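Working notes, beginning with the structure itself.
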Amino acid sequence: MSKTARMMLVLAGSAGLASTPTHAQTAVEIYGIVDAAIVVDRGGKEGSLTKMSGGAASTSRIGFKGSENLGKGLAAFFILETGIRLDTGATDVAGSIFNRQALVGLKGGFGTVALGRQYTPYHNALVQIVDPFGTGYAGTAKNLFPHSGSNIRTSNTVTWASPKLNGADMELAYSAGEQSDSSARRQFGGAIGYAGGPLSVRLVYNSKNGDAATGFARSRNTLLGAQYKLGKVTLHAGYGIDRGPEASPLANTGNPYGGIAPTASSDGREALLGVSAQIGPGKLMASVMHKDDRSAFNQDASAWGVGYLYGLSKRTGLYAAYGHVRNRNGAGYTVNNNTDTGTGNTGYNLGLRHTF
């Protein structure tokens, strides 16, 4: 039995013990997503590529989360979550177990404080407010919006989320670079938002420092997102501003179209308009996006996508999705999904997703 498998069994056993009546104030839950899809990429230098993906809609994962009531309105909590490549059974980051989330925290009247590996405020806004696809499927906002690496989650992070006050709240996050130069790879961000009635609005800022290779240059992302619910229909919108050498990295860095390699934008804007709607037993998702590259390369792009998740039950669904990117002036944007970076400008997904 592998080291990872032994570790998972130990944790599962510990979760079971913590759930027994002798620990009545402690609740531990095992949860996860199992997602597999047939993915077809077209339009790249490799031609048409068909493969199985371990999570086109949602990255497959297993997690453990728990909380304990400490009294006087105070509670402790933790999350340990690992990603799984369902097509091979391997963890999605070699040499790492809880690569998705690993945190412990306290919550009370002051809000919520957590320490460990966590999602960024930028990611939370893009998933929860802006993108009707929730950054999954072939229509994901990741096709043009910067959403990889430290834009998604960061290690060595302290976060604080305020309580809601008349629908308003805020988030703060600080990640230590943990290098000899205290400013290297340091990252901080924050968000303010409002949710009331059918309207949700969120403004996010994210700043990260480079290292010696970039001259410690700073990169910044600003994102304004909004959604408005009209019965079973939700309208989505987002506008992003990116500045700096690492502000908008390309998802596929392997020159997917051949020829002269594209250059990641160091000064760009993105805009998205989208819709999601409950239709029949499932959910329809669609969006259009545009990337305005304001660097000297002027490598703009446009993208659109459509998808449908058909609910077989409350936890199980079939889905189909389509995405397309139109690159200009040698831009190198590809059609992603929640797990794969894509190899061309057109993508199709057909999959099955189950949550537990």
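Residue numbering restarts at 1 for every chain of the structure tokens, chains are lettered A, B, ... in their displayed order, and ligands are numbered from 1 as they appear.
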| Test item: residues at most 7 Å from Ala264 in chain A, only C-alpha atoms, excluding those fewer than 6 positions along its chain, as number ranges by chain | A: 248-250
| Picked from range 23-130 of chain A by DSSP as strand (DSSP E or B), as a VMD selection string | chain A and resid 26 to 44 47 to 53 61 to 71 74 to 85 90 to 91 101 to 108 111 to 119
| query | So, counting only C-alpha atoms, which residue among A:Leu106, A:Phe145, A:Asp41, A:Lys283 is closest to Gly66 in chain A? | reply | A:Leu106
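Of the residues listed (A:Val113, A:Ala75, A:Leu352, A:Ile279), A:Leu352 shows the shortest atom-to-atom separation from Val34 in chain A; distances use only C-alpha atoms.
Distance annotation: of A:Leu103, A:Ala76, A:Ala301, A:Leu272, the residue with the minimal separation from Ile129 in chain A is A:Leu272; atom set is only C-alpha atoms.
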| said: Can you tell me which residues surround Glu270 in chain A at a distance of at most 9 Å, considering only C-alpha atoms, apart from same-chain residues fewer than 5 positions away, and format the answer as a VMD selection string? | reply: chain A and resid 144 to 145 238 to 242 289 to 293
Residues of the last selection are to be written out with N, CA, C and O atoms, as a compact mmCIF listing (two decimals), in the first residue's frame.
# COMPACT_ATOMS: atom_id res chain seq x y z
N LEU A 144 -9.90 33.08 -20.82
CA LEU A 144 -9.30 34.40 -21.04
C LEU A 144 -8.92 35.12 -19.75
O LEU A 144 -7.96 35.89 -19.74
N PHE A 145 -9.64 34.90 -18.67
CA PHE A 145 -9.31 35.56 -17.40
C PHE A 145 -8.12 34.86 -16.76
O PHE A 145 -8.00 33.63 -16.82
N GLY A 238 -18.49 40.53 -15.48
CA GLY A 238 -17.20 40.73 -14.84
C GLY A 238 -16.28 41.58 -15.69
O GLY A 238 -16.35 41.53 -16.93
N TYR A 239 -15.44 42.38 -15.03
CA TYR A 239 -14.44 43.20 -15.72
C TYR A 239 -13.15 43.13 -14.94
O TYR A 239 -13.13 43.40 -13.72
N GLY A 240 -12.05 42.76 -15.60
CA GLY A 240 -10.77 42.61 -14.95
C GLY A 240 -9.71 43.52 -15.52
O GLY A 240 -9.72 43.84 -16.71
N ILE A 241 -8.77 43.95 -14.66
CA ILE A 241 -7.61 44.75 -15.05
C ILE A 241 -6.38 44.05 -14.52
O ILE A 241 -6.30 43.73 -13.33
N ASP A 242 -5.40 43.80 -15.39
CA ASP A 242 -4.19 43.06 -15.02
C ASP A 242 -2.96 43.87 -15.41
O ASP A 242 -2.86 44.33 -16.55
N MET A 289 -16.82 36.46 -23.87
CA MET A 289 -15.71 37.17 -23.22
C MET A 289 -14.84 37.85 -24.26
O MET A 289 -14.81 37.45 -25.43
N HIS A 290 -14.12 38.86 -23.79
CA HIS A 290 -13.13 39.52 -24.65
C HIS A 290 -11.89 39.86 -23.84
O HIS A 290 -11.99 40.29 -22.68
N LYS A 291 -10.72 39.66 -24.45
CA LYS A 291 -9.44 40.02 -23.85
C LYS A 291 -8.84 41.16 -24.66
O LYS A 291 -8.63 41.04 -25.87
N ASP A 292 -8.56 42.27 -23.98
CA ASP A 292 -7.93 43.43 -24.61
C ASP A 292 -6.50 43.52 -24.09
O ASP A 292 -6.26 43.97 -22.97
N ASP A 293 -5.54 43.09 -24.91
CA ASP A 293 -4.13 43.15 -24.55
C ASP A 293 -3.58 44.51 -24.92
O ASP A 293 -3.48 44.85 -26.11
| message | Restricting the calculation to only C-alpha atoms: of A:Gly139, A:Pro262, A:Gly215, A:Gly190, which residue gets closest to Ala320 in chain A? | response | A:Gly139
What's the 6 Å shell around range 329-343 of chain A, counting only C-alpha atoms, without same-chain residues fewer than 3 positions away, as a PDB file with N, CA, C and O atoms, in the first residue's frame?
ATOM      1  N   GLY A  44      -5.361  23.228 -32.575  1.00  0.00           N
ATOM      2  CA  GLY A  44      -3.961  23.418 -32.234  1.00  0.00           C
ATOM      3  C   GLY A  44      -3.043  22.697 -33.187  1.00  0.00           C
ATOM      4  O   GLY A  44      -3.484  22.016 -34.129  1.00  0.00           O
ATOM      5  N   GLY A  55     -12.010  15.465 -14.628  1.00  0.00           N
ATOM      6  CA  GLY A  55     -12.788  16.540 -14.027  1.00  0.00           C
ATOM      7  C   GLY A  55     -12.925  17.751 -14.915  1.00  0.00           C
ATOM      8  O   GLY A  55     -12.317  18.787 -14.644  1.00  0.00           O
ATOM      9  N   ALA A  56     -13.706  17.668 -15.998  1.00  0.00           N
ATOM     10  CA  ALA A  56     -13.897  18.824 -16.873  1.00  0.00           C
ATOM     11  C   ALA A  56     -14.815  19.852 -16.246  1.00  0.00           C
ATOM     12  O   ALA A  56     -14.608  21.058 -16.369  1.00  0.00           O
ATOM     13  N   ALA A  57     -15.854  19.389 -15.536  1.00  0.00           N
ATOM     14  CA  ALA A  57     -16.757  20.315 -14.854  1.00  0.00           C
ATOM     15  C   ALA A  57     -16.180  20.755 -13.517  1.00  0.00           C
ATOM     16  O   ALA A  57     -16.153  21.943 -13.191  1.00  0.00           O
ATOM     17  N   SER A  58     -15.729  19.784 -12.721  1.00  0.00           N
ATOM     18  CA  SER A  58     -15.148  20.050 -11.403  1.00  0.00           C
ATOM     19  C   SER A  58     -14.003  19.080 -11.180  1.00  0.00           C
ATOM     20  O   SER A  58     -14.155  17.882 -11.442  1.00  0.00           O
ATOM     21  N   THR A  59     -12.878  19.558 -10.717  1.00  0.00           N
ATOM     22  CA  THR A  59     -11.761  18.671 -10.429  1.00  0.00           C
ATOM     23  C   THR A  59     -12.187  17.623  -9.406  1.00  0.00           C
ATOM     24  O   THR A  59     -12.741  17.951  -8.364  1.00  0.00           O
ATOM     25  N   GLY A 136     -15.512  25.976 -14.592  1.00  0.00           N
ATOM     26  CA  GLY A 136     -15.438  24.619 -15.121  1.00  0.00           C
ATOM     27  C   GLY A 136     -15.951  24.547 -16.545  1.00  0.00           C
ATOM     28  O   GLY A 136     -16.326  25.555 -17.149  1.00  0.00           O
ATOM     29  N   TYR A 137     -15.960  23.341 -17.105  1.00  0.00           N
ATOM     30  CA  TYR A 137     -16.477  23.080 -18.452  1.00  0.00           C
ATOM     31  C   TYR A 137     -15.649  23.826 -19.523  1.00  0.00           C
ATOM     32  O   TYR A 137     -14.764  24.614 -19.208  1.00  0.00           O
ATOM     33  N   ALA A 138     -15.978  23.585 -20.786  1.00  0.00           N
ATOM     34  CA  ALA A 138     -15.231  24.200 -21.876  1.00  0.00           C
ATOM     35  C   ALA A 138     -15.484  25.695 -21.995  1.00  0.00           C
ATOM     36  O   ALA A 138     -14.713  26.407 -22.635  1.00  0.00           O
ATOM     37  N   ASN A 143     -10.574  30.570 -19.821  1.00  0.00           N
ATOM     38  CA  ASN A 143     -10.115  30.665 -21.207  1.00  0.00           C
ATOM     39  C   ASN A 143      -9.449  32.013 -21.495  1.00  0.00           C
ATOM     40  O   ASN A 143      -8.523  32.084 -22.309  1.00  0.00           O
ATOM     41  N   ALA A 251      -2.543  29.831 -19.801  1.00  0.00           N
ATOM     42  CA  ALA A 251      -2.844  28.524 -19.207  1.00  0.00           C
ATOM     43  C   ALA A 251      -1.963  27.438 -19.818  1.00  0.00           C
ATOM     44  O   ALA A 251      -1.381  26.622 -19.104  1.00  0.00           O
ATOM     45  N   ASN A 252      -1.857  27.425 -21.131  1.00  0.00           N
ATOM     46  CA  ASN A 252      -0.992  26.472 -21.831  1.00  0.00           C
ATOM     47  C   ASN A 252       0.275  27.211 -22.262  1.00  0.00           C
ATOM     48  O   ASN A 252       0.230  28.061 -23.150  1.00  0.00           O
ATOM     49  N   PRO A 256       0.932  26.165 -28.046  1.00  0.00           N
ATOM     50  CA  PRO A 256      -0.001  25.189 -28.605  1.00  0.00           C
ATOM     51  C   PRO A 256      -0.283  25.335 -30.092  1.00  0.00           C
ATOM     52  O   PRO A 256      -0.744  24.378 -30.732  1.00  0.00           O
ATOM     53  N   PRO A 262       3.541  32.684 -28.312  1.00  0.00           N
ATOM     54  CA  PRO A 262       2.797  33.849 -27.822  1.00  0.00           C
ATOM     55  C   PRO A 262       3.427  34.403 -26.549  1.00  0.00           C
ATOM     56  O   PRO A 262       4.158  33.706 -25.843  1.00  0.00           O
ATOM     57  N   GLN A 299      -2.076  41.276 -28.460  1.00  0.00           N
ATOM     58  CA  GLN A 299      -2.592  39.923 -28.696  1.00  0.00           C
ATOM     59  C   GLN A 299      -3.959  39.766 -28.021  1.00  0.00           C
ATOM     60  O   GLN A 299      -4.101  39.175 -26.961  1.00  0.00           O
ATOM     61  N   THR A 346     -10.770  25.200 -29.860  1.00  0.00           N
ATOM     62  CA  THR A 346     -12.123  24.671 -29.771  1.00  0.00           C
ATOM     63  C   THR A 346     -12.123  23.454 -28.852  1.00  0.00           C
ATOM     64  O   THR A 346     -11.215  22.622 -28.935  1.00  0.00           O
ATOM     65  N   GLY A 347     -13.125  23.373 -27.982  1.00  0.00           N
ATOM     66  CA  GLY A 347     -13.183  22.244 -27.065  1.00  0.00           C
ATOM     67  C   GLY A 347     -14.599  21.751 -26.850  1.00  0.00           C
ATOM     68  O   GLY A 347     -15.555  22.539 -26.859  1.00  0.00           O
TER      69      GLY A 347
END
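Scanning range 127-355 of chain A with DSSP on the backbone, the helix (DSSP H, G or I) assignments fall on Val127, Gln128, Ile129, Val130, Ala141, Lys142, Asn143, Gly149, Ser150, Asn151, Ala212, Ala213 and Thr214 of chain A.
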